[in-house]
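Coordinates from start_8.cif are shown below (mmCIF, C-alpha atoms).
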```cif
data_upload
#
loop_
_atom_site.label_atom_id
_atom_site.label_comp_id
_atom_site.auth_asym_id
_atom_site.auth_seq_id
_atom_site.Cartn_x
_atom_site.Cartn_y
_atom_site.Cartn_z
CA MET A 1 93.69 85.87 58.24
CA ALA A 2 95.34 89.07 59.50
CA GLU A 3 97.72 86.90 61.56
CA VAL A 4 98.96 85.19 58.41
CA PHE A 5 100.06 88.53 56.88
CA ARG A 6 101.14 90.34 60.07
CA SER A 7 104.75 90.91 58.92
CA LEU A 8 103.53 92.92 55.90
CA GLN A 9 102.79 95.84 58.23
CA HIS A 10 106.53 96.64 58.03
CA ARG A 11 107.26 98.95 55.07
CA ASN A 12 110.61 97.49 54.07
CA PHE A 13 109.31 93.94 54.14
CA ARG A 14 106.26 95.02 52.10
CA LEU A 15 108.54 96.46 49.41
CA TYR A 16 110.73 93.36 49.46
CA TYR A 17 107.69 91.08 49.17
CA ALA A 18 106.24 93.04 46.24
CA GLY A 19 109.48 93.25 44.27
CA GLN A 20 110.53 89.66 44.82
CA SER A 21 107.03 88.38 43.97
CA VAL A 22 107.36 89.82 40.47
CA SER A 23 110.99 88.82 39.99
CA LEU A 24 110.55 85.22 41.15
CA ILE A 25 107.78 84.60 38.63
CA GLY A 26 110.32 85.48 35.92
CA THR A 27 112.94 83.30 37.61
CA TRP A 28 110.67 80.25 37.52
CA MET A 29 109.75 80.97 33.90
CA GLN A 30 113.44 81.01 32.98
CA ARG A 31 114.14 77.84 34.97
CA LEU A 32 111.35 76.02 33.14
CA ALA A 33 112.45 77.37 29.76
CA VAL A 34 116.11 76.38 30.29
CA GLY A 35 115.16 72.77 31.09
CA TRP A 36 112.82 72.54 28.11
CA LEU A 37 115.31 74.23 25.78
CA VAL A 38 118.13 71.84 26.71
CA TYR A 39 116.01 68.70 26.52
CA GLN A 40 114.37 69.70 23.23
CA ALA A 41 117.79 70.34 21.69
CA THR A 42 119.65 67.31 23.09
CA HIS A 43 117.09 64.72 24.32
CA SER A 44 119.70 63.94 27.00
CA ALA A 45 118.80 63.44 30.66
CA PHE A 46 122.52 63.63 31.47
CA LEU A 47 122.84 67.11 29.91
CA LEU A 48 119.78 68.23 31.86
CA GLY A 49 121.61 67.17 35.02
CA LEU A 50 124.82 68.83 33.83
CA VAL A 51 123.16 72.21 33.20
CA SER A 52 121.47 71.98 36.61
CA PHE A 53 124.86 71.13 38.12
CA CYS A 54 126.43 74.21 36.50
CA GLY A 55 123.67 76.42 37.90
CA GLN A 56 124.08 75.23 41.49
CA ILE A 57 127.65 74.05 42.09
CA PRO A 58 128.97 77.61 42.76
CA THR A 59 126.73 77.68 45.84
CA LEU A 60 128.61 74.74 47.33
CA LEU A 61 132.04 76.13 46.46
CA LEU A 62 131.47 79.79 47.34
CA SER A 63 129.09 79.65 50.32
CA PRO A 64 131.95 79.68 52.88
CA TYR A 65 133.03 83.04 51.48
CA SER A 66 129.57 84.46 50.70
CA GLY A 67 128.29 83.80 54.23
CA THR A 68 131.20 85.79 55.63
CA VAL A 69 130.49 88.57 53.12
CA ALA A 70 126.87 88.72 54.37
CA ASP A 71 128.14 89.22 57.95
CA ARG A 72 131.02 91.53 57.04
CA TYR A 73 129.35 94.01 54.68
CA SER A 74 125.93 95.57 54.19
CA ARG A 75 123.53 92.76 53.31
CA TYR A 76 121.33 95.31 51.59
CA ARG A 77 124.10 96.47 49.25
CA VAL A 78 125.21 92.91 48.51
CA LEU A 79 121.64 92.03 47.55
CA LEU A 80 121.29 95.13 45.36
CA ILE A 81 124.51 94.26 43.49
CA THR A 82 123.51 90.62 42.97
CA GLN A 83 120.06 91.57 41.66
CA ILE A 84 121.56 93.99 39.14
CA ALA A 85 124.04 91.30 38.07
CA SER A 86 121.14 88.85 37.65
CA LEU A 87 119.37 91.40 35.44
CA VAL A 88 122.43 91.55 33.18
CA GLN A 89 122.73 87.73 33.04
CA ALA A 90 119.04 87.32 32.17
CA SER A 91 119.29 89.96 29.44
CA VAL A 92 122.27 88.24 27.81
CA LEU A 93 120.49 84.87 27.87
CA ALA A 94 117.33 86.39 26.37
CA TRP A 95 119.36 87.99 23.56
CA LEU A 96 121.18 84.74 22.75
CA VAL A 97 117.96 82.72 22.54
CA LEU A 98 116.01 85.32 20.55
CA SER A 99 118.89 85.81 18.10
CA GLY A 100 119.33 82.05 17.68
CA HIS A 101 123.03 82.18 18.66
CA TYR A 102 122.70 79.98 21.73
CA ALA A 103 124.23 76.53 22.21
CA THR A 104 124.04 74.09 25.11
CA TRP A 105 127.53 75.09 26.26
CA ALA A 106 126.47 78.78 26.30
CA VAL A 107 123.35 78.00 28.34
CA ALA A 108 125.50 75.96 30.76
CA GLY A 109 128.03 78.81 31.00
CA LEU A 110 125.35 81.38 31.76
CA SER A 111 123.82 78.99 34.29
CA LEU A 112 127.25 78.80 35.94
CA LEU A 113 127.38 82.61 36.04
CA LEU A 114 123.90 82.81 37.58
CA GLY A 115 124.89 80.18 40.12
CA THR A 116 127.91 82.30 41.10
CA ILE A 117 125.67 85.34 41.56
CA ASN A 118 123.17 83.30 43.59
CA ALA A 119 125.95 82.01 45.85
CA PHE A 120 126.28 85.58 47.19
CA ASP A 121 122.61 86.52 46.74
CA ILE A 122 121.04 83.77 48.86
CA PRO A 123 122.93 84.25 52.18
CA ALA A 124 122.53 88.03 51.87
CA ARG A 125 118.80 87.73 51.09
CA GLN A 126 118.12 85.23 53.87
CA SER A 127 120.11 87.29 56.39
CA LEU A 128 118.47 90.58 55.34
CA ILE A 129 114.94 89.45 56.24
CA VAL A 130 115.62 90.01 59.93
CA GLU A 131 116.46 93.68 59.14
CA LEU A 132 113.22 94.20 57.22
CA VAL A 133 110.87 93.62 60.18
CA ASP A 134 110.97 96.02 63.12
CA ASP A 135 109.36 93.53 65.50
CA ARG A 136 111.48 90.38 65.97
CA THR A 137 108.39 88.40 67.01
CA HIS A 138 107.21 88.78 63.41
CA LEU A 139 110.36 87.15 61.99
CA PRO A 140 108.96 83.57 61.80
CA ASN A 141 105.91 84.91 59.97
CA ALA A 142 108.12 86.91 57.57
CA ILE A 143 110.14 83.77 56.77
CA ALA A 144 106.96 81.80 56.14
CA LEU A 145 105.51 84.57 53.96
CA ASN A 146 108.77 84.64 52.05
CA SER A 147 108.11 80.97 51.32
CA THR A 148 104.55 81.73 50.16
CA MET A 149 106.01 84.30 47.77
CA VAL A 150 108.48 81.79 46.35
CA ASN A 151 105.79 79.18 45.90
CA LEU A 152 103.21 81.52 44.45
CA ALA A 153 105.86 82.20 41.83
CA ARG A 154 106.34 78.42 41.43
CA LEU A 155 102.62 78.17 40.72
CA VAL A 156 102.24 81.16 38.37
CA GLY A 157 105.64 81.11 36.63
CA PRO A 158 105.50 77.56 35.22
CA ALA A 159 101.85 77.97 34.19
CA VAL A 160 102.63 81.12 32.19
CA ALA A 161 105.87 79.60 30.87
CA GLY A 162 104.00 76.50 29.71
CA LEU A 163 101.62 78.64 27.66
CA LEU A 164 104.44 80.72 26.16
CA LEU A 165 106.53 77.64 25.37
CA ALA A 166 103.59 75.97 23.63
CA HIS A 167 102.70 78.99 21.48
CA PHE A 168 105.79 81.22 21.14
CA GLY A 169 108.84 79.17 22.16
CA GLU A 170 111.46 79.78 24.84
CA GLY A 171 112.52 83.35 23.94
CA PRO A 172 109.63 85.28 25.58
CA CYS A 173 110.20 83.44 28.88
CA PHE A 174 113.75 84.78 29.05
CA VAL A 175 112.61 88.31 28.14
CA VAL A 176 109.97 88.34 30.90
CA ASN A 177 112.57 87.19 33.41
CA ALA A 178 114.99 89.97 32.42
CA VAL A 179 112.28 92.63 32.72
CA SER A 180 111.07 91.25 36.07
CA PHE A 181 114.37 92.15 37.76
CA VAL A 182 113.51 95.82 37.30
CA ALA A 183 110.76 95.39 39.93
CA VAL A 184 113.04 93.97 42.60
CA VAL A 185 115.81 96.54 41.97
CA ALA A 186 113.24 99.34 42.23
CA SER A 187 111.83 97.92 45.48
CA LEU A 188 115.32 97.75 47.01
CA LEU A 189 116.07 101.36 46.04
CA LEU A 190 112.85 102.50 47.76
CA MET A 191 113.74 100.86 51.09
CA ARG A 192 115.01 102.73 54.14
CA ILE A 193 117.51 100.44 55.89
CA ALA A 194 119.10 101.51 59.16
CA PRO A 195 122.90 101.05 59.07
CA ARG A 196 124.17 98.07 61.04
CA PRO A 197 126.52 98.72 63.98
CA ALA A 198 130.18 98.70 62.97
CA ARG A 199 131.96 95.45 63.77
CA THR A 200 135.38 95.51 65.38
CA HIS A 201 136.25 92.01 64.14
CA ARG A 202 135.75 91.10 60.49
CA PRO A 203 136.74 87.48 59.88
CA GLY A 204 138.13 86.17 56.61
CA ALA A 205 136.27 83.52 54.65
CA TRP A 206 137.85 80.43 56.19
CA GLU A 207 138.02 81.93 59.66
CA GLY A 208 134.31 82.73 59.32
CA LEU A 209 133.61 79.17 58.23
CA ARG A 210 135.47 77.79 61.26
CA GLU A 211 133.60 80.16 63.58
CA GLY A 212 130.29 79.05 62.06
CA TRP A 213 131.19 75.38 62.58
CA ALA A 214 132.31 76.02 66.17
CA TYR A 215 128.98 77.74 66.79
CA LEU A 216 127.04 74.78 65.31
CA ARG A 217 129.00 72.33 67.48
CA GLN A 218 127.40 74.02 70.48
CA ALA A 219 123.92 73.87 68.89
CA PRO A 220 123.15 70.17 68.22
CA ILE A 221 119.54 70.76 67.15
CA LEU A 222 120.57 73.26 64.47
CA ARG A 223 123.40 70.99 63.37
CA ARG A 224 120.99 68.07 63.05
CA GLN A 225 118.51 70.12 61.02
CA ILE A 226 121.24 71.26 58.60
CA SER A 227 122.49 67.67 58.26
CA LEU A 228 118.98 66.43 57.46
CA MET A 229 118.66 69.21 54.89
CA ALA A 230 121.89 68.05 53.25
CA GLY A 231 120.67 64.45 53.08
CA ILE A 232 117.28 65.32 51.55
CA SER A 233 118.84 67.87 49.19
CA PHE A 234 121.22 65.29 47.80
CA CYS A 235 118.83 62.35 47.61
CA VAL A 236 115.39 63.78 46.79
CA MET A 237 115.29 67.42 45.70
CA PRO A 238 117.09 66.91 42.34
CA PHE A 239 114.08 64.89 41.10
CA GLY A 240 112.82 68.11 39.51
CA THR A 241 115.73 67.94 37.06
CA LEU A 242 113.99 65.03 35.31
CA LEU A 243 110.53 66.60 34.99
CA PRO A 244 111.07 67.40 31.27
CA VAL A 245 111.71 63.67 30.72
CA PHE A 246 108.51 62.73 32.57
CA ALA A 247 106.50 65.33 30.64
CA LYS A 248 107.77 64.35 27.20
CA ASP A 249 108.70 60.66 27.35
CA VAL A 250 106.90 59.11 30.34
CA PHE A 251 103.51 60.83 30.06
CA HIS A 252 103.84 61.58 26.30
CA GLY A 253 102.96 65.26 26.70
CA ALA A 254 104.42 68.56 25.58
CA ALA A 255 105.34 71.93 27.10
CA GLY A 256 101.89 72.25 28.67
CA THR A 257 102.35 68.97 30.58
CA PHE A 258 105.72 70.19 31.81
CA GLY A 259 104.05 73.38 33.01
CA TRP A 260 101.35 71.42 34.88
CA LEU A 261 103.90 69.28 36.71
CA ASN A 262 105.80 72.34 37.91
CA SER A 263 102.70 74.41 38.69
CA LEU A 264 101.00 71.75 40.81
CA SER A 265 104.22 71.15 42.71
CA GLY A 266 104.19 74.89 43.32
CA LEU A 267 100.53 74.78 44.40
CA GLY A 268 101.31 72.17 47.03
CA SER A 269 104.26 74.22 48.25
CA LEU A 270 102.09 77.35 48.42
CA VAL A 271 99.50 75.58 50.57
CA GLY A 272 102.27 74.31 52.87
CA ALA A 273 103.80 77.79 53.16
CA PHE A 274 100.46 79.45 54.02
CA TYR A 275 99.83 76.77 56.63
CA LEU A 276 103.21 77.47 58.19
CA ALA A 277 102.64 81.24 58.12
CA GLY A 278 99.58 80.81 60.33
CA GLN A 279 101.39 78.70 62.93
CA PRO A 280 103.15 80.06 66.02
CA ALA A 281 106.93 79.64 66.06
CA GLU A 282 106.81 77.15 68.94
CA ALA A 283 104.65 74.81 66.83
CA ARG A 284 107.52 74.22 64.39
CA ARG A 285 109.26 71.53 66.41
CA PRO A 286 112.21 69.64 64.92
CA GLN A 287 110.23 66.36 64.71
CA LEU A 288 107.57 68.06 62.58
CA ILE A 289 110.29 69.08 60.13
CA THR A 290 111.35 65.42 59.95
CA TYR A 291 107.75 64.35 59.31
CA ALA A 292 107.59 66.84 56.42
CA ALA A 293 110.78 65.31 54.94
CA LEU A 294 109.16 61.86 55.13
CA VAL A 295 105.98 63.08 53.42
CA PHE A 296 108.06 64.71 50.67
CA SER A 297 110.13 61.57 50.07
CA ALA A 298 107.12 59.23 50.09
CA SER A 299 105.28 61.48 47.62
CA VAL A 300 108.26 61.54 45.23
CA LEU A 301 108.40 57.73 45.37
CA ALA A 302 104.65 57.50 44.65
CA PHE A 303 104.99 60.04 41.81
CA ALA A 304 107.68 57.93 40.15
CA LEU A 305 105.49 54.82 40.35
CA SER A 306 102.30 56.52 39.12
CA PRO A 307 100.91 54.80 36.00
CA ALA A 308 98.92 57.84 34.81
CA LEU A 309 99.42 61.61 34.65
CA GLY A 310 96.39 62.40 36.84
CA LEU A 311 97.69 60.32 39.72
CA ALA A 312 101.20 61.74 39.26
CA LEU A 313 99.80 65.28 39.55
CA VAL A 314 98.17 64.38 42.89
CA PHE A 315 101.42 63.04 44.33
CA ILE A 316 103.58 65.89 43.02
CA THR A 317 101.18 68.35 44.68
CA LEU A 318 101.46 66.50 47.99
CA GLY A 319 105.22 66.34 47.55
CA GLY A 320 105.36 70.10 47.03
CA ALA A 321 103.54 70.67 50.34
CA GLY A 322 105.89 68.33 52.21
CA MET A 323 108.96 69.89 50.61
CA MET A 324 107.90 73.41 51.56
CA LEU A 325 107.05 72.52 55.15
CA PHE A 326 110.49 70.93 55.38
CA ILE A 327 112.42 73.83 53.80
CA ALA A 328 110.58 76.69 55.51
CA GLY A 329 110.48 74.86 58.84
CA THR A 330 114.25 74.33 58.74
CA ASN A 331 114.87 77.95 57.74
CA THR A 332 112.66 79.21 60.57
CA ALA A 333 114.34 76.95 63.13
CA ILE A 334 117.73 78.37 62.15
CA GLN A 335 116.76 82.03 61.81
CA THR A 336 114.95 82.16 65.17
CA ASN A 337 117.68 80.37 67.12
CA VAL A 338 120.91 81.91 65.80
CA ASP A 339 122.71 84.97 67.17
CA ASP A 340 122.57 87.88 64.71
CA HIS A 341 126.36 88.35 64.53
CA MET A 342 126.64 84.70 63.40
CA ARG A 343 123.61 84.70 61.11
CA GLY A 344 125.37 84.90 57.74
CA ARG A 345 127.99 82.28 58.63
CA VAL A 346 125.49 79.77 59.98
CA LEU A 347 123.17 80.42 57.04
CA SER A 348 126.08 79.72 54.70
CA TYR A 349 126.06 76.15 56.07
CA TYR A 350 122.30 76.01 55.54
CA VAL A 351 122.70 77.27 51.95
CA MET A 352 125.45 74.71 51.31
CA ALA A 353 123.20 71.95 52.65
CA PHE A 354 120.12 73.17 50.79
CA GLN A 355 121.34 74.37 47.40
CA GLY A 356 125.03 73.54 47.39
CA ILE A 357 124.55 69.78 47.73
CA GLN A 358 121.78 69.61 45.09
CA PRO A 359 124.04 69.93 42.01
CA LEU A 360 125.95 66.80 43.05
CA GLY A 361 122.64 64.98 43.28
CA ALA A 362 121.47 66.45 39.95
CA LEU A 363 124.60 65.24 38.18
CA LEU A 364 124.16 61.75 39.64
CA VAL A 365 120.44 61.74 38.81
CA GLY A 366 121.13 62.69 35.19
CA TRP A 367 123.71 59.89 34.88
CA LEU A 368 121.40 57.31 36.50
CA ALA A 369 118.43 58.29 34.33
CA ARG A 370 120.58 57.75 31.27
CA HIS A 371 121.25 54.14 32.35
CA ILE A 372 118.13 52.98 34.26
CA GLY A 373 115.49 55.46 33.09
CA ALA A 374 113.83 58.46 34.77
CA PRO A 375 111.04 56.60 36.65
CA HIS A 376 113.44 54.13 38.30
CA THR A 377 115.84 56.95 39.18
CA VAL A 378 113.16 59.08 40.86
CA ALA A 379 111.75 56.03 42.67
CA LEU A 380 115.23 55.38 44.04
CA GLN A 381 115.48 59.01 45.14
CA GLY A 382 112.22 58.80 47.07
CA ALA A 383 113.24 55.53 48.74
CA LEU A 384 116.63 56.93 49.80
CA GLY A 385 114.88 60.03 51.18
CA LEU A 386 112.68 57.79 53.34
CA VAL A 387 115.77 56.01 54.68
CA VAL A 388 117.45 59.33 55.53
CA GLY A 389 114.29 60.79 57.11
CA LEU A 390 113.64 57.68 59.23
CA ALA A 391 117.25 57.66 60.43
CA PHE A 392 117.00 61.27 61.62
CA TRP A 393 113.55 60.62 63.14
CA GLN A 394 114.99 57.74 65.16
CA GLN A 395 117.96 59.89 66.21
CA GLY A 396 115.57 62.65 67.32
CA ARG A 397 113.56 60.18 69.40
CA ARG A 398 116.70 58.94 71.14
CA SER A 399 117.80 62.51 71.91
CA ALA A 400 114.37 63.36 73.35
CA GLN A 401 114.41 60.23 75.52
CA GLU A 402 117.91 61.03 76.80
CA LYS A 403 116.80 64.54 77.75
CA LYS A 404 113.82 63.12 79.65
CA LEU A 405 116.11 60.72 81.54
CA VAL A 406 118.51 63.55 82.44
CA ALA A 407 115.60 65.74 83.58
CA ALA A 408 114.17 62.87 85.67
CA GLY A 409 117.58 62.26 87.27
CA ASN A 410 117.81 65.90 88.32
#
```
Please rewrite the model in this file as structure tokens.
Amino acid sequence: MAEVFRSLQHRNFRLYYAGQSVSLIGTWMQRLAVGWLVYQATHSAFLLGLVSFCGQIPTLLLSPYSGTVADRYSRYRVLLITQIASLVQASVLAWLVLSGHYATWAVAGLSLLLGTINAFDIPARQSLIVELVDDRTHLPNAIALNSTMVNLARLVGPAVAGLLLAHFGEGPCFVVNAVSFVAVVASLLLMRIAPRPARTHRPGAWEGLREGWAYLRQAPILRRQISLMAGISFCVMPFGTLLPVFAKDVFHGAAGTFGWLNSLSGLGSLVGAFYLAGQPAEARRPQLITYAALVFSASVLAFALSPALGLALVFITLGGAGMMLFIAGTNTAIQTNVDDHMRGRVLSYYVMAFQGIQPLGALLVGWLARHIGAPHTVALQGALGLVVGLAFWQQGRRSAQEKKLVAAGN
């Protein structure tokens, strides 16, 4: 068990883990409340997709610049600024909802603002992890524990949000999220971060993007993992956008049902993250990441076809585990195989593939659900994910066979 938590022996990472654990619970509560608020007010799957699109599209548009920022400036200071900005955004949203002055366009606008903040926050946060552990051999474990933290929040946040939504409405969820940012800001202020060596060359945004792409061209395994992430992010991951529709219209439930769907997805992800934390870095081979993508896609397909809530909860839990093994495995493969001076720029491609592509999928998913229904849309997502995963699995097999032939020839 001590092996699973070995990276927590580092003070800075301990502070980061504690602060983010509290903040992410609030983040998931707000995410749940926004979806429920929009669907309750509009009963529109398309508007659910549109609000999700607004919250994530800045990541796709701004990641080329934000990745360069993470390499050019202090990642610690960038993260501190983005967390304070998120505190302000959450406070404004809480005030609007509690005062009753909100409208769907205002929620979408604030989601767009949060997405802009996150576009700079995510590359800085992902890149900073390497500076929070003094022993580089503990980096894979720190990345996996970071995933456990995210998914513990996915388990607790929706469960608490479901109770608050059922009894008190959306307002308290937004208040808790605003207050939770105090914890992460405090943890950052308590850290002692050694200054990074001064860089003689500081590339601009587009120069940095070109350098990152040139680097990836020389690293085919990393390039393939990022491409697979983009495919799964577009096809499968936006299925969560339609969970309010499943909770309310497919399974004829209420806010509590919505909370269960999100919490059990988080439980599966938490189990997957703890499993990964206990594995050595060399066990996270690229083909295992592809297998996780296949399990995730198959589970989403089975969830969409489930005739009863109980069976759907089983498949969404399994899907959460597959999704987390896929996400954390890809992140670990990149973080442990990239040069530090290129970390932010390469991670900007990862962020674009992971979170930047999702809003395009969410917009399409919302439009499809409006015309063919949520179950058929999610079933199509799972099927497309299987096609993408199998294509990359076959490509990986061919590459492995070619390497064996080359090695045999030598």
Original post:
Using all atoms listed in the file, which residues sit within 12 Å of Gly49 (chain A) once same-chain residues fewer than 6 positions away are excluded, as a PyMOL selection string?
Top reply: chain A and resi 34-35+38-39+43+55-57+108+238-245+358-370+374
Subject >> CA of Ser348 (chain A) to CA of Ile289 (chain A), straight-line distance in Å >> reply: 19.8 Å
Subject >> Nearest residue to Gly389 (chain A) from the set A:Ser227, A:Gln218, A:Ser306, A:Thr27 (distances using only C-alpha atoms) >> reply: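 Going through A:Ser227, A:Gln218, A:Ser306, A:Thr27 one by one, the smallest distance to Gly389 (chain A) is for A:Ser227.
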Original post:
Quick one: which residues end up in the PyMOL selection byres ((chain A and resi 126) around 10) for this structure, as a ChimeraX atom specification?
Top reply: /A:70,75,79,121-125,127-130,143,146,331,335,343-344,347-348,351
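For Val107 (chain A), the residues within 8 Å (counting only C-alpha atoms, excluding itself and residues fewer than 4 positions away along the chain) are Val34, Val51, Leu93, Tyr102, Ala103 and Ser111 of chain A.
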Step by step, work through what the PyMOL selection byres ((chain A and resi 169) around 10) selects in the shown file, and finish by giving those residues as a short mmCIF file (atom, residue, chain, number, x, y, z; two decimals) with C-alpha atoms, keeping the file's coordinate frame.
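selection.cif was written with the following content:
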```cif
data_model
loop_
_atom_site.label_atom_id
_atom_site.label_comp_id
_atom_site.auth_asym_id
_atom_site.auth_seq_id
_atom_site.Cartn_x
_atom_site.Cartn_y
_atom_site.Cartn_z
CA ALA A 33 112.45 77.37 29.76
CA TRP A 36 112.82 72.54 28.11
CA LEU A 37 115.31 74.23 25.78
CA VAL A 97 117.96 82.72 22.54
CA LEU A 98 116.01 85.32 20.55
CA ALA A 161 105.87 79.60 30.87
CA GLY A 162 104.00 76.50 29.71
CA LEU A 163 101.62 78.64 27.66
CA LEU A 164 104.44 80.72 26.16
CA LEU A 165 106.53 77.64 25.37
CA ALA A 166 103.59 75.97 23.63
CA HIS A 167 102.70 78.99 21.48
CA PHE A 168 105.79 81.22 21.14
CA GLU A 170 111.46 79.78 24.84
CA GLY A 171 112.52 83.35 23.94
CA PRO A 172 109.63 85.28 25.58
CA CYS A 173 110.20 83.44 28.88
CA ALA A 255 105.34 71.93 27.10
#
```
**OP:** Just the residues within 12 Å of Ala194 (chain A), please, counting only C-alpha atoms, with nothing from its chain fewer than 5 positions along; format it as a list in words.
**Re:** Asn12, Ser74, Arg75, Tyr76, Leu128, Glu131, Leu132, Val133 and Asp134 of chain A
**OP:** Let me know the residues the PyMOL selection byres ((chain A and resi 181-185) around 10) catches in the file above, as a PyMOL selection string.
**Re:** chain A and resi 15-24+26-27+79-88+90-91+176-180+186-190
Subject >> Residue among A:Ala292, A:Ala273, A:Ala333, A:Ala219 lying closest to Met149 (chain A), counting only C-alpha atoms >> reply: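 Going through A:Ala292, A:Ala273, A:Ala333, A:Ala219 one by one, the smallest distance to Met149 (chain A) is for A:Ala273.
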